[in-house]
file final19.pdb (PDB, C-alpha atoms and all ligand atoms)
ATOM      1  CA  MET I 229       7.586  10.492   9.834
ATOM      2  CA  SER I 230      10.331  13.068   9.598
ATOM      3  CA  SER I 231       9.343  16.207   7.753
ATOM      4  CA  ASP I 232      12.908  16.551   6.463
ATOM      5  CA  PHE I 233      12.557  14.652   3.196
ATOM      6  CA  SER I 234      15.872  16.011   1.908
ATOM      7  CA  ARG I 235      17.741  13.713   4.308
ATOM      8  CA  ARG I 236      15.720  10.656   3.415
ATOM      9  CA  LYS I 237      16.897   8.039   0.992
ATOM     10  CA  VAL I 238      14.912   6.980  -2.052
ATOM     11  CA  GLU I 239      14.518   3.193  -1.973
ATOM     12  CA  ILE I 240      12.205   2.649  -4.945
ATOM     13  CA  SER I 241      11.747   4.988  -7.869
ATOM     14  CA  LEU I 242       9.158   4.814 -10.673
ATOM     15  CA  GLU I 243       9.485   7.176 -13.602
ATOM     16  CA  ASP I 244       6.808   7.439 -16.295
ATOM     17  CA  VAL I 245       5.937   3.757 -16.014
ATOM     18  CA  SER I 246       3.280   2.450 -18.409
ATOM     19  CA  MET I 247       2.029  -1.081 -18.917
ATOM     20  CA  VAL I 248       0.213  -2.312 -22.014
ATOM     21  CA  PHE I 249      -1.170  -5.852 -22.168
ATOM     22  CA  GLY I 250      -2.190  -7.753 -25.280
ATOM     23  CA  LYS I 251      -1.088  -7.974 -28.890
ATOM     24  CA  LYS I 252      -1.402  -5.447 -31.691
ATOM     25  CA  GLY I 253      -5.023  -4.639 -32.460
ATOM     26  CA  ARG I 254      -6.204  -5.750 -29.013
ATOM     27  CA  GLN I 255      -4.026  -3.769 -26.682
ATOM     28  CA  GLU I 256      -5.066  -2.494 -23.267
ATOM     29  CA  THR I 257      -3.149   0.246 -21.477
ATOM     30  CA  VAL I 258      -3.478  -0.751 -17.843
ATOM     31  CA  LEU I 259      -1.045   1.741 -16.290
ATOM     32  CA  GLN I 260      -0.033   5.096 -17.724
ATOM     33  CA  ASP I 261       2.862   7.401 -16.813
ATOM     34  CA  ILE I 262       3.162   6.376 -13.187
ATOM     35  CA  THR I 263       5.791   8.403 -11.336
ATOM     36  CA  PHE I 264       6.528   8.313  -7.604
ATOM     37  CA  ASP I 265       9.284   7.443  -5.126
ATOM     38  CA  VAL I 266       9.208   5.326  -2.007
ATOM     39  CA  GLU I 267      11.595   6.416   0.750
ATOM     40  CA  GLN I 268      13.644   4.036   2.837
ATOM     41  CA  ASN I 269      11.657   2.779   5.892
ATOM     42  CA  GLU I 270       8.455   4.218   4.486
ATOM     43  CA  PHE I 271       5.102   2.410   4.440
ATOM     44  CA  VAL I 272       3.398   3.349   1.173
ATOM     45  CA  SER I 273      -0.015   2.073   0.146
ATOM     46  CA  VAL I 274      -1.262   1.905  -3.423
ATOM     47  CA  LEU I 275      -5.019   2.449  -3.279
ATOM     48  CA  GLY I 276      -7.524   2.197  -6.111
ATOM     49  CA  PRO I 277     -10.638   0.475  -7.453
ATOM     50  CA  SER I 278     -10.677  -3.115  -8.617
ATOM     51  CA  GLY I 279      -8.949  -3.543 -11.963
ATOM     52  CA  CYS I 280      -7.077  -0.203 -11.916
ATOM     53  CA  GLY I 281      -3.718  -1.968 -12.071
ATOM     54  CA  LYS I 282      -2.549  -2.089  -8.421
ATOM     55  CA  SER I 283      -1.321  -5.701  -8.587
ATOM     56  CA  THR I 284       0.267  -5.030 -11.967
ATOM     57  CA  LEU I 285       2.155  -2.104 -10.456
ATOM     58  CA  LEU I 286       3.405  -4.255  -7.580
ATOM     59  CA  ARG I 287       4.434  -7.016 -10.002
ATOM     60  CA  LEU I 288       6.403  -4.503 -12.042
ATOM     61  CA  MET I 289       8.262  -3.365  -8.922
ATOM     62  CA  ALA I 290       8.941  -6.986  -7.951
ATOM     63  CA  ASP I 291      10.321  -7.867 -11.420
ATOM     64  CA  LEU I 292       7.496 -10.321 -12.103
ATOM     65  CA  LEU I 293       6.545  -8.177 -15.136
ATOM     66  CA  GLN I 294       8.483  -5.726 -17.297
ATOM     67  CA  PRO I 295       7.076  -2.239 -18.017
ATOM     68  CA  SER I 296       6.122  -1.344 -21.601
ATOM     69  CA  LYS I 297       7.576   2.110 -21.001
ATOM     70  CA  GLY I 298       9.439   3.977 -18.255
ATOM     71  CA  HIS I 299      11.923   2.987 -15.579
ATOM     72  CA  ILE I 300      11.818   1.376 -12.177
ATOM     73  CA  THR I 301      14.827   1.286  -9.875
ATOM     74  CA  ILE I 302      15.208  -0.202  -6.432
ATOM     75  CA  GLN I 303      18.218   0.916  -4.411
ATOM     76  CA  LYS I 304      19.317   2.515  -7.709
ATOM     77  CA  ASP I 305      19.418  -0.896  -9.460
ATOM     78  CA  HIS I 306      17.132  -2.739 -11.866
ATOM     79  CA  PRO I 307      14.492  -4.721  -9.896
ATOM     80  CA  ARG I 308      15.988  -7.922 -11.412
ATOM     81  CA  GLU I 309      19.328  -7.322  -9.669
ATOM     82  CA  VAL I 310      17.574  -6.607  -6.405
ATOM     83  CA  ARG I 311      15.418  -9.722  -6.736
ATOM     84  CA  LEU I 312      18.478 -11.876  -7.367
ATOM     85  CA  ARG I 313      20.083 -10.405  -4.242
ATOM     86  CA  ARG I 314      16.868 -11.383  -2.369
ATOM     87  CA  LYS I 315      16.408  -7.837  -1.117
ATOM     88  CA  PHE I 316      12.631  -7.957  -1.193
ATOM     89  CA  GLY I 317       9.944 -10.369  -0.030
ATOM     90  CA  ILE I 318       6.447 -10.692  -1.505
ATOM     91  CA  VAL I 319       3.171 -11.540   0.191
ATOM     92  CA  PHE I 320       0.187 -12.231  -2.084
ATOM     93  CA  GLN I 321      -3.540 -12.035  -1.402
ATOM     94  CA  THR I 322      -3.795 -15.824  -1.200
ATOM     95  CA  PRO I 323      -1.013 -17.463   0.767
ATOM     96  CA  THR I 324       0.766 -19.852  -1.602
ATOM     97  CA  LEU I 325       1.905 -22.468   0.883
ATOM     98  CA  PHE I 326       3.204 -25.945   0.144
ATOM     99  CA  GLU I 327       0.567 -28.377   1.401
ATOM    100  CA  TRP I 328       3.062 -31.148   2.134
ATOM    101  CA  ARG I 329       5.282 -28.934   4.267
ATOM    102  CA  SER I 330       4.584 -28.007   7.893
ATOM    103  CA  VAL I 331       4.480 -24.404   9.141
ATOM    104  CA  ARG I 332       8.168 -24.600  10.085
ATOM    105  CA  GLU I 333       9.117 -26.196   6.769
ATOM    106  CA  ASN I 334       7.195 -23.592   4.760
ATOM    107  CA  ILE I 335       8.976 -20.755   6.579
ATOM    108  CA  GLU I 336      12.337 -22.520   6.134
ATOM    109  CA  LEU I 337      11.949 -22.888   2.374
ATOM    110  CA  PRO I 338      13.771 -19.720   1.164
ATOM    111  CA  LEU I 339      16.656 -20.447   3.568
ATOM    112  CA  GLU I 340      16.829 -24.022   2.303
ATOM    113  CA  VAL I 341      16.812 -22.847  -1.336
ATOM    114  CA  MET I 342      19.674 -20.469  -0.539
ATOM    115  CA  GLY I 343      21.657 -23.501   0.626
ATOM    116  CA  HIS I 344      21.983 -22.566   4.295
ATOM    117  CA  PRO I 345      22.485 -25.598   6.592
ATOM    118  CA  ARG I 346      19.429 -26.274   8.738
ATOM    119  CA  HIS I 347      21.207 -25.877  12.084
ATOM    120  CA  ALA I 348      22.207 -22.325  11.050
ATOM    121  CA  TYR I 349      18.646 -21.082  10.791
ATOM    122  CA  ARG I 350      16.838 -23.071  13.478
ATOM    123  CA  GLU I 351      16.851 -20.185  15.935
ATOM    124  CA  LEU I 352      15.874 -17.656  13.267
ATOM    125  CA  VAL I 353      12.857 -19.740  12.245
ATOM    126  CA  ASP I 354      11.882 -20.151  15.921
ATOM    127  CA  HIS I 355      12.023 -16.366  16.223
ATOM    128  CA  LEU I 356       9.940 -15.825  13.054
ATOM    129  CA  MET I 357       7.278 -18.288  14.260
ATOM    130  CA  ASP I 358       7.196 -16.430  17.563
ATOM    131  CA  THR I 359       6.918 -13.056  15.746
ATOM    132  CA  VAL I 360       3.836 -14.181  13.841
ATOM    133  CA  GLY I 361       2.392 -16.087  16.830
ATOM    134  CA  LEU I 362       2.600 -19.585  15.371
ATOM    135  CA  THR I 363       5.037 -21.343  17.713
ATOM    136  CA  LYS I 364       2.315 -23.702  18.994
ATOM    137  CA  PHE I 365       1.425 -24.661  15.437
ATOM    138  CA  LYS I 366       4.901 -25.259  14.043
ATOM    139  CA  ASP I 367       4.177 -28.879  13.097
ATOM    140  CA  TYR I 368       0.753 -28.201  11.582
ATOM    141  CA  TYR I 369       0.175 -28.433   7.836
ATOM    142  CA  PRO I 370      -1.514 -25.619   5.839
ATOM    143  CA  TRP I 371      -4.848 -27.455   5.603
ATOM    144  CA  GLN I 372      -4.970 -27.557   9.431
ATOM    145  CA  LEU I 373      -4.703 -23.746   9.688
ATOM    146  CA  SER I 374      -7.235 -20.906   9.393
ATOM    147  CA  GLY I 375      -6.868 -18.351   6.561
ATOM    148  CA  GLY I 376      -5.327 -15.809   8.950
ATOM    149  CA  MET I 377      -2.794 -18.358  10.237
ATOM    150  CA  GLN I 378      -1.872 -19.313   6.666
ATOM    151  CA  GLN I 379      -1.273 -15.657   5.856
ATOM    152  CA  ARG I 380       0.955 -15.395   8.962
ATOM    153  CA  VAL I 381       3.042 -18.276   7.598
ATOM    154  CA  ALA I 382       3.339 -16.481   4.238
ATOM    155  CA  ILE I 383       4.452 -13.285   6.015
ATOM    156  CA  ALA I 384       7.028 -15.155   8.127
ATOM    157  CA  ARG I 385       8.336 -16.861   4.994
ATOM    158  CA  ALA I 386       8.659 -13.497   3.207
ATOM    159  CA  LEU I 387      10.653 -12.244   6.217
ATOM    160  CA  SER I 388      12.934 -15.282   6.470
ATOM    161  CA  LEU I 389      15.785 -13.796   4.429
ATOM    162  CA  ASP I 390      15.340 -10.489   6.283
ATOM    163  CA  PRO I 391      14.754  -8.416   3.137
ATOM    164  CA  PRO I 392      14.792  -4.632   3.652
ATOM    165  CA  ILE I 393      11.735  -4.319   1.380
ATOM    166  CA  LEU I 394       8.358  -6.035   1.548
ATOM    167  CA  PHE I 395       5.770  -6.006  -1.259
ATOM    168  CA  MET I 396       2.277  -6.926  -0.053
ATOM    169  CA  ASP I 397      -0.668  -7.427  -2.422
ATOM    170  CA  GLU I 398      -3.983  -7.163  -0.531
ATOM    171  CA  PRO I 399      -2.672  -9.629   2.056
ATOM    172  CA  PHE I 400      -5.597  -9.225   4.468
ATOM    173  CA  SER I 401      -8.520  -8.760   2.085
ATOM    174  CA  ALA I 402      -9.802 -12.326   2.397
ATOM    175  CA  LEU I 403      -9.780 -12.283   6.202
ATOM    176  CA  ASP I 404     -12.516 -11.476   8.721
ATOM    177  CA  GLU I 405     -12.451  -8.068  10.450
ATOM    178  CA  PHE I 406     -11.012  -9.325  13.764
ATOM    179  CA  THR I 407      -8.160 -11.250  12.157
ATOM    180  CA  LYS I 408      -7.495  -8.353   9.805
ATOM    181  CA  GLU I 409      -7.232  -5.853  12.699
ATOM    182  CA  ARG I 410      -4.880  -8.162  14.611
ATOM    183  CA  LEU I 411      -2.613  -8.691  11.592
ATOM    184  CA  GLN I 412      -2.597  -4.959  10.757
ATOM    185  CA  LEU I 413      -1.385  -4.191  14.295
ATOM    186  CA  ASP I 414       1.207  -6.985  14.095
ATOM    187  CA  LEU I 415       2.430  -5.648  10.760
ATOM    188  CA  LEU I 416       2.889  -2.137  12.198
ATOM    189  CA  ASP I 417       4.720  -3.623  15.169
ATOM    190  CA  MET I 418       7.029  -5.615  12.873
ATOM    191  CA  LYS I 419       7.633  -2.490  10.764
ATOM    192  CA  ARG I 420       8.574  -0.465  13.889
ATOM    193  CA  LYS I 421      11.007  -3.152  15.047
ATOM    194  CA  THR I 422      12.650  -3.902  11.695
ATOM    195  CA  ASN I 423      12.465  -0.577   9.836
ATOM    196  CA  LYS I 424      11.491  -2.231   6.590
ATOM    197  CA  THR I 425      10.255  -0.385   3.532
ATOM    198  CA  ILE I 426       6.755  -1.633   2.715
ATOM    199  CA  VAL I 427       4.650  -1.189  -0.427
ATOM    200  CA  PHE I 428       1.113  -2.362   0.285
ATOM    201  CA  VAL I 429      -1.721  -2.734  -2.234
ATOM    202  CA  THR I 430      -5.287  -2.360  -0.997
ATOM    203  CA  HIS I 431      -8.714  -1.159  -2.069
ATOM    204  CA  SER I 432      -9.725  -0.209   1.472
ATOM    205  CA  ILE I 433      -9.314   3.502   2.305
ATOM    206  CA  SER I 434      -9.338   2.921   6.072
ATOM    207  CA  GLU I 435      -6.729   0.144   5.835
ATOM    208  CA  ALA I 436      -4.444   2.411   3.775
ATOM    209  CA  VAL I 437      -4.840   5.319   6.219
ATOM    210  CA  PHE I 438      -4.325   3.125   9.287
ATOM    211  CA  LEU I 439      -1.110   1.523   8.011
ATOM    212  CA  SER I 440       0.665   4.021   5.788
ATOM    213  CA  ASN I 441       2.998   6.972   5.879
ATOM    214  CA  ARG I 442       1.838   7.917   2.388
ATOM    215  CA  ILE I 443      -0.983   6.810   0.091
ATOM    216  CA  ILE I 444      -0.789   6.745  -3.702
ATOM    217  CA  VAL I 445      -4.334   6.864  -5.102
ATOM    218  CA  LEU I 446      -4.796   5.457  -8.604
ATOM    219  CA  THR I 447      -7.665   6.083 -10.988
ATOM    220  CA  ALA I 448      -8.816   3.402 -13.409
ATOM    221  CA  ASN I 449      -8.820   2.942 -17.208
ATOM    222  CA  PRO I 450      -5.963   3.480 -17.495
ATOM    223  CA  GLY I 451      -4.438   3.454 -14.016
ATOM    224  CA  ARG I 452      -2.816   6.810 -13.305
ATOM    225  CA  VAL I 453      -1.704   8.560 -10.147
ATOM    226  CA  HIS I 454      -4.699  10.620  -9.082
ATOM    227  CA  ALA I 455      -3.275  11.971  -5.817
ATOM    228  CA  ILE I 456      -0.605  11.324  -3.186
ATOM    229  CA  TYR I 457      -1.604  11.817   0.454
ATOM    230  CA  PRO I 458       0.802  12.031   3.388
ATOM    231  CA  VAL I 459      -0.740  10.412   6.494
ATOM    232  CA  PRO I 460      -0.383  12.680   9.570
ATOM    233  CA  LEU I 461      -0.695   9.936  12.195
ATOM    234  CA  GLY I 462       2.821   9.383  13.579
ATOM    235  CA  GLU I 463       4.318   5.929  14.109
ATOM    236  CA  ASP I 464       2.460   4.779  17.250
ATOM    237  CA  ARG I 465      -0.912   3.538  16.108
ATOM    238  CA  ASN I 466      -3.439   1.378  17.920
ATOM    239  CA  LEU I 467      -7.119   0.522  17.803
ATOM    240  CA  GLN I 468      -8.043   4.010  19.084
ATOM    241  CA  THR I 469      -6.210   5.603  16.137
ATOM    242  CA  ARG I 470      -9.242   4.903  13.967
ATOM    243  CA  GLU I 471     -11.369   7.070  16.254
ATOM    244  CA  SER I 472      -8.959  10.021  16.089
ATOM    245  CA  LEU I 473      -9.838  13.188  14.181
ATOM    246  CA  PRO I 474      -6.824  13.083  11.798
ATOM    247  CA  PHE I 475      -7.721   9.492  10.824
ATOM    248  CA  GLN I 476     -11.355  10.324  10.193
ATOM    249  CA  LYS I 477     -10.585  13.550   8.344
ATOM    250  CA  LEU I 478      -8.146  11.904   5.959
ATOM    251  CA  THR I 479     -10.407   8.887   5.364
ATOM    252  CA  ALA I 480     -13.296  11.227   4.548
ATOM    253  CA  ALA I 481     -11.114  13.453   2.333
ATOM    254  CA  ILE I 482      -9.886  10.533   0.218
ATOM    255  CA  HIS I 483     -13.390   9.135   0.001
ATOM    256  CA  HIS I 484     -14.830  12.463  -1.057
ATOM    257  CA  ASP I 485     -12.039  13.204  -3.501
ATOM    258  CA  TYR I 486     -12.397   9.799  -5.072
ATOM    259  CA  LYS I 487     -16.143   9.985  -5.310
ATOM    260  CA  GLU I 488     -15.814  12.963  -7.622
ATOM    261  CA  GLU I 489     -13.681  10.840  -9.940
ATOM    262  CA  SER I 490     -15.729   7.632  -9.991
ATOM    263  CA  ASP I 491     -18.541   6.532  -7.738
ATOM    264  CA  PRO I 492     -17.243   4.085  -5.185
ATOM    265  CA  SER I 493     -19.503   2.642  -2.536
ATOM    266  CA  GLU I 494     -18.817   2.857   1.202
ATOM    267  CA  ASP I 495     -15.224   2.485   2.313
ATOM    268  CA  GLN I 496     -14.119   0.175  -0.467
ATOM    269  CA  LEU I 497     -12.913   1.571  -3.707
ATOM    270  CA  GLY I 498     -13.413  -1.689  -5.485
TER     271      GLY I 498
HETATM  272  N1  LIG I 501      -0.928 -10.892 -17.508
HETATM  273  C1  LIG I 501      -1.952 -10.139 -17.941
HETATM  274  N2  LIG I 501      -2.342 -10.172 -19.246
HETATM  275  C2  LIG I 501      -3.356  -9.401 -19.697
HETATM  276  N3  LIG I 501      -4.072  -8.566 -18.909
HETATM  277  C3  LIG I 501      -3.739  -8.490 -17.609
HETATM  278  C4  LIG I 501      -2.665  -9.275 -17.055
HETATM  279  N4  LIG I 501      -2.562  -8.985 -15.730
HETATM  280  C5  LIG I 501      -3.528  -8.070 -15.471
HETATM  281  N5  LIG I 501      -4.213  -7.778 -16.584
HETATM  282  C6  LIG I 501      -5.336  -6.807 -16.694
HETATM  283  O1  LIG I 501      -4.898  -5.600 -16.131
HETATM  284  C7  LIG I 501      -5.959  -4.951 -15.453
HETATM  285  C8  LIG I 501      -5.508  -4.606 -14.044
HETATM  286  O2  LIG I 501      -5.366  -5.809 -13.281
HETATM  287  P1  LIG I 501      -4.764  -5.779 -11.804
HETATM  288  O3  LIG I 501      -4.892  -7.164 -11.261
HETATM  289  O4  LIG I 501      -3.434  -5.157 -11.814
HETATM  290  O5  LIG I 501      -5.791  -4.788 -11.075
HETATM  291  P2  LIG I 501      -6.030  -4.551  -9.510
HETATM  292  O6  LIG I 501      -6.210  -3.084  -9.347
HETATM  293  O7  LIG I 501      -4.957  -5.185  -8.704
HETATM  294  O8  LIG I 501      -7.416  -5.299  -9.289
HETATM  295  P3  LIG I 501      -8.008  -6.033  -7.958
HETATM  296  O9  LIG I 501      -8.133  -4.955  -6.900
HETATM  297  O10 LIG I 501      -9.342  -6.521  -8.409
HETATM  298  O11 LIG I 501      -7.063  -7.124  -7.570
HETATM  299  C9  LIG I 501      -7.154  -5.889 -15.527
HETATM  300  O12 LIG I 501      -7.979  -5.443 -16.579
HETATM  301  C10 LIG I 501      -6.554  -7.225 -15.883
HETATM  302  O13 LIG I 501      -7.420  -8.001 -16.636
END
call {"tool": "encode", "arguments": {"input": "final19.pdb", "output": "structure tokens"}}
result
Amino acid sequence: MSSDFSRRKVEISLEDVSMVFGKKGRQETVLQDITFDVEQNEFVSVLGPSGCGKSTLLRLMADLLQPSKGHITIQKDHPREVRLRRKFGIVFQTPTLFEWRSVRENIELPLEVMGHPRHAYRELVDHLMDTVGLTKFKDYYPWQLSGGMQQRVAIARALSLDPPILFMDEPFSALDEFTKERLQLDLLDMKRKTNKTIVFVTHSISEAVFLSNRIIVLTANPGRVHAIYPVPLGEDRNLQTRESLPFQKLTAAIHHDYKEESDPSEDQLG
């Protein structure tokens, strides 16, 4: 990551964002006064314990919820405008695939909805299936795929309109360690090749450190920004990165820092 932040462009900006759920008398402030920016081409993780409001924060950015207070802009516009221009894709924890559509047909869906003729995106979809390693399974249906393969379909679908921004909500948390590691490496590779801006929600410290350029740590009840950590790992990361001193030092520092706030167990904050 360049150290010259002055030349970098702000892609997403949150200013004093709060979120209150419920009706009068039974209100719950889930997020309070959240302020941070995400730079263009940056990989930012939002890390925090279960229930601290990570998904809510991502939903606010993606215009699936409206903040009770504060402002969010993406590319200087309201998230609604950006959503309508299809400038971001979303990947959820559980891949929401259409059971009656094959792998290819699931990935094609956003292109179909946008009214593009099928022949115009055949090659693109071939390329996306290749990118996520599913070419051999293009005619399979979701129920014939493993959880990791289903998540690959969801990622390819989110990439189909080539959005510059990707919002990912704990996309690998339901997967086994081997599949998770593979998909984390693939995600970094895709990020390097496409220069996307990625906001990634997780409750795993090591996952956040391995993937991110910066980590926003939230505390719970209500969710507030506790700390923001730059990740000094450079862009080229591989399986050995986890054994490096900078990786281990930062993982330990976040863990230690967080432990003073709450009392999380092991690596997981949740
Ligand atoms: N639509 C809603 N209406 C009312 N309360 C909600 C709504 N969505 C979320 N909440 C509440 O907001 C709080 C934060 O939920 P959220 O899912 O954002 O947390 P999280 O940090 O992503 O948790 P996890 O890591 O377990 O997924 C929870 O107490 C939840 O019950």
call {"tool": "resolve_selection", "arguments": {"input": "final19.pdb", "expression": "the PyMOL selection byres (((not hetatm)) within 8 of (chain I and resi 501))", "output": "list in words"}}
result
Phe249, Gly250, Glu256, Val258, Gly276, Pro277, Ser278, Gly279, Cys280, Gly281, Lys282, Ser283, Thr284, Leu285, Asp397, Glu398, Val429, Thr430, His431 and Gly498 of chain I
call {"tool": "closest_residue", "arguments": {"input": "final19.pdb", "among": "I:Arg314, I:Lys421, I:Ile482, I:Val341", "to": "I:His454", "atoms": "only C-alpha atoms"}}
result
I:Ile482
call {"tool": "residues_around", "arguments": {"input": "final19.pdb", "residues": "I:Val331", "least_positions_apart": "5", "cutoff": "12 Å", "atoms": "only C-alpha atoms", "output": "count of residues only"}}
result
32
call {"tool": "residues_around", "arguments": {"input": "final19.pdb", "residues": "I:Lys304", "least_positions_apart": "5", "cutoff": "9 Å", "atoms": "only C-alpha atoms", "output": "ChimeraX atom specification"}}
result
/I:238-241
call {"tool": "residues_around", "arguments": {"input": "final19.pdb", "residues": "I:Tyr457", "least_positions_apart": "5", "cutoff": "12 Å", "atoms": "only C-alpha atoms", "output": "ChimeraX atom specification"}}
result
/I:264,272-275,433,436-437,440-446,478-479,481-482,485
call {"tool": "atom_distance", "arguments": {"input": "final19.pdb", "atom1": "atom CA of I:Glu270", "atom2": "atom CA of I:His484"}}
result
25.3 Å
call {"tool": "closest_residue", "arguments": {"input": "final19.pdb", "among": "I:Leu394, I:Leu339, I:Ala348, I:Leu312", "to": "I:Met418", "atoms": "only C-alpha atoms"}}
result
I:Leu394
call {"tool": "closest_residue", "arguments": {"input": "final19.pdb", "among": "I:Thr407, I:Asp265, I:Phe438, I:Asn449", "to": "I:Leu461", "atoms": "only C-alpha atoms"}}
result
I:Phe438
call {"tool": "resolve_selection", "arguments": {"input": "final19.pdb", "expression": "the PyMOL selection byres (((chain I and resi 320) around 8) and not hetatm)", "output": "PyMOL selection string"}}
result
chain I and resi 318-319+321-324+396-399
call {"tool": "atom_distance", "arguments": {"input": "final19.pdb", "atom1": "atom CA of I:Thr359", "atom2": "atom CA of I:Asp414"}}
result
8.5 Å
call {"tool": "atom_distance", "arguments": {"input": "final19.pdb", "atom1": "atom CA of I:Lys237", "atom2": "atom CA of I:Ala386"}}
result
23.2 Å
call {"tool": "resolve_selection", "arguments": {"input": "final19.pdb", "expression": "the PyMOL selection byres (((chain I and resi 261) around 8) and not hetatm)", "output": "number ranges by chain"}}
result
I: 243-246, 259-260, 262-263, 298, 452
call {"tool": "write_last_selection", "arguments": {"input": "final19.pdb", "atoms": "C-alpha atoms", "output": "PDB file, keeping the file's coordinate frame"}}
result
ATOM      1  CA  GLU I 243       9.485   7.176 -13.602  1.00  0.00           C
ATOM      2  CA  ASP I 244       6.808   7.439 -16.295  1.00  0.00           C
ATOM      3  CA  VAL I 245       5.937   3.757 -16.014  1.00  0.00           C
ATOM      4  CA  SER I 246       3.280   2.450 -18.409  1.00  0.00           C
ATOM      5  CA  LEU I 259      -1.045   1.741 -16.290  1.00  0.00           C
ATOM      6  CA  GLN I 260      -0.033   5.096 -17.724  1.00  0.00           C
ATOM      7  CA  ILE I 262       3.162   6.376 -13.187  1.00  0.00           C
ATOM      8  CA  THR I 263       5.791   8.403 -11.336  1.00  0.00           C
ATOM      9  CA  GLY I 298       9.439   3.977 -18.255  1.00  0.00           C
ATOM     10  CA  ARG I 452      -2.816   6.810 -13.305  1.00  0.00           C
TER      11      ARG I 452
END
call {"tool": "residues_around", "arguments": {"input": "final19.pdb", "residues": "I:Asp417", "least_positions_apart": "6", "cutoff": "10 Å", "atoms": "all atoms listed in the file", "output": "PyMOL selection string"}}
result
chain I and resi 359+411+423+463-466
call {"tool": "closest_residue", "arguments": {"input": "final19.pdb", "among": "I:Ser434, I:Phe316, I:Ala455, I:Gln412", "to": "I:Lys477", "atoms": "only C-alpha atoms"}}
result
I:Ser434
call {"tool": "residues_around", "arguments": {"input": "final19.pdb", "residues": "stretch 305-310 of chain I", "least_positions_apart": "2", "cutoff": "12 Å", "atoms": "all atoms listed in the file", "output": "list in words"}}
result
Val238, Glu239, Ile240, Ser241, Leu242, Leu286, Arg287, Leu288, Met289, Ala290, Asp291, Leu292, Leu293, Gln294, Pro295, His299, Ile300, Thr301, Ile302, Gln303, Leu312, Arg313, Arg314, Lys315, Phe316, Gly317, Pro391, Pro392 and Ile393 of chain I
call {"tool": "residues_near_point", "arguments": {"input": "final19.pdb", "point": "(18.8, -20.2, 6.8)", "cutoff": "10 Å", "atoms": "all atoms listed in the file", "output": "ChimeraX atom specification"}}
result
/I:335-353,388-389
call {"tool": "residues_near_point", "arguments": {"input": "final19.pdb", "point": "(-1.4, 12.4, 10.9)", "cutoff": "7 Å", "atoms": "only C-alpha atoms", "output": "list in words"}}
result
Val459, Pro460, Leu461, Gly462, Pro474 and Phe475 of chain I
call {"tool": "closest_residue", "arguments": {"input": "final19.pdb", "among": "I:Lys424, I:Arg332, I:Lys487, I:Lys419", "to": "I:Val266", "atoms": "all atoms listed in the file"}}
result
I:Lys424
call {"tool": "build_atoms", "arguments": {"input": "final19.pdb", "residues": "stretch 299-310 of chain I", "atoms": "N, CA and C atoms", "output": "compact mmCIF listing (two decimals), in the frame of the given file"}}
result
# COMPACT_ATOMS: atom_id res chain seq x y z
N HIS I 299 10.85 3.64 -16.34
CA HIS I 299 11.92 2.99 -15.58
C HIS I 299 11.53 2.77 -14.13
N ILE I 300 11.97 1.63 -13.61
CA ILE I 300 11.82 1.38 -12.18
C ILE I 300 13.20 1.04 -11.64
N THR I 301 13.59 1.69 -10.54
CA THR I 301 14.83 1.29 -9.88
C THR I 301 14.53 1.03 -8.40
N ILE I 302 15.28 0.08 -7.86
CA ILE I 302 15.21 -0.20 -6.43
C ILE I 302 16.65 -0.13 -5.93
N GLN I 303 16.85 0.67 -4.91
CA GLN I 303 18.22 0.92 -4.41
C GLN I 303 19.14 1.24 -5.60
N LYS I 304 18.62 2.02 -6.50
CA LYS I 304 19.32 2.52 -7.71
C LYS I 304 19.61 1.43 -8.74
N ASP I 305 19.16 0.21 -8.53
CA ASP I 305 19.42 -0.90 -9.46
C ASP I 305 18.14 -1.33 -10.16
N HIS I 306 18.29 -2.12 -11.21
CA HIS I 306 17.13 -2.74 -11.87
C HIS I 306 16.50 -3.72 -10.87
N PRO I 307 15.14 -3.79 -10.83
CA PRO I 307 14.49 -4.72 -9.90
C PRO I 307 15.02 -6.16 -10.01
N ARG I 308 15.46 -6.56 -11.22
CA ARG I 308 15.99 -7.92 -11.41
C ARG I 308 17.21 -8.18 -10.51
N GLU I 309 18.12 -7.18 -10.49
CA GLU I 309 19.33 -7.32 -9.67
C GLU I 309 18.94 -7.45 -8.19
N VAL I 310 17.98 -6.64 -7.81
CA VAL I 310 17.57 -6.61 -6.40
C VAL I 310 16.87 -7.92 -6.04
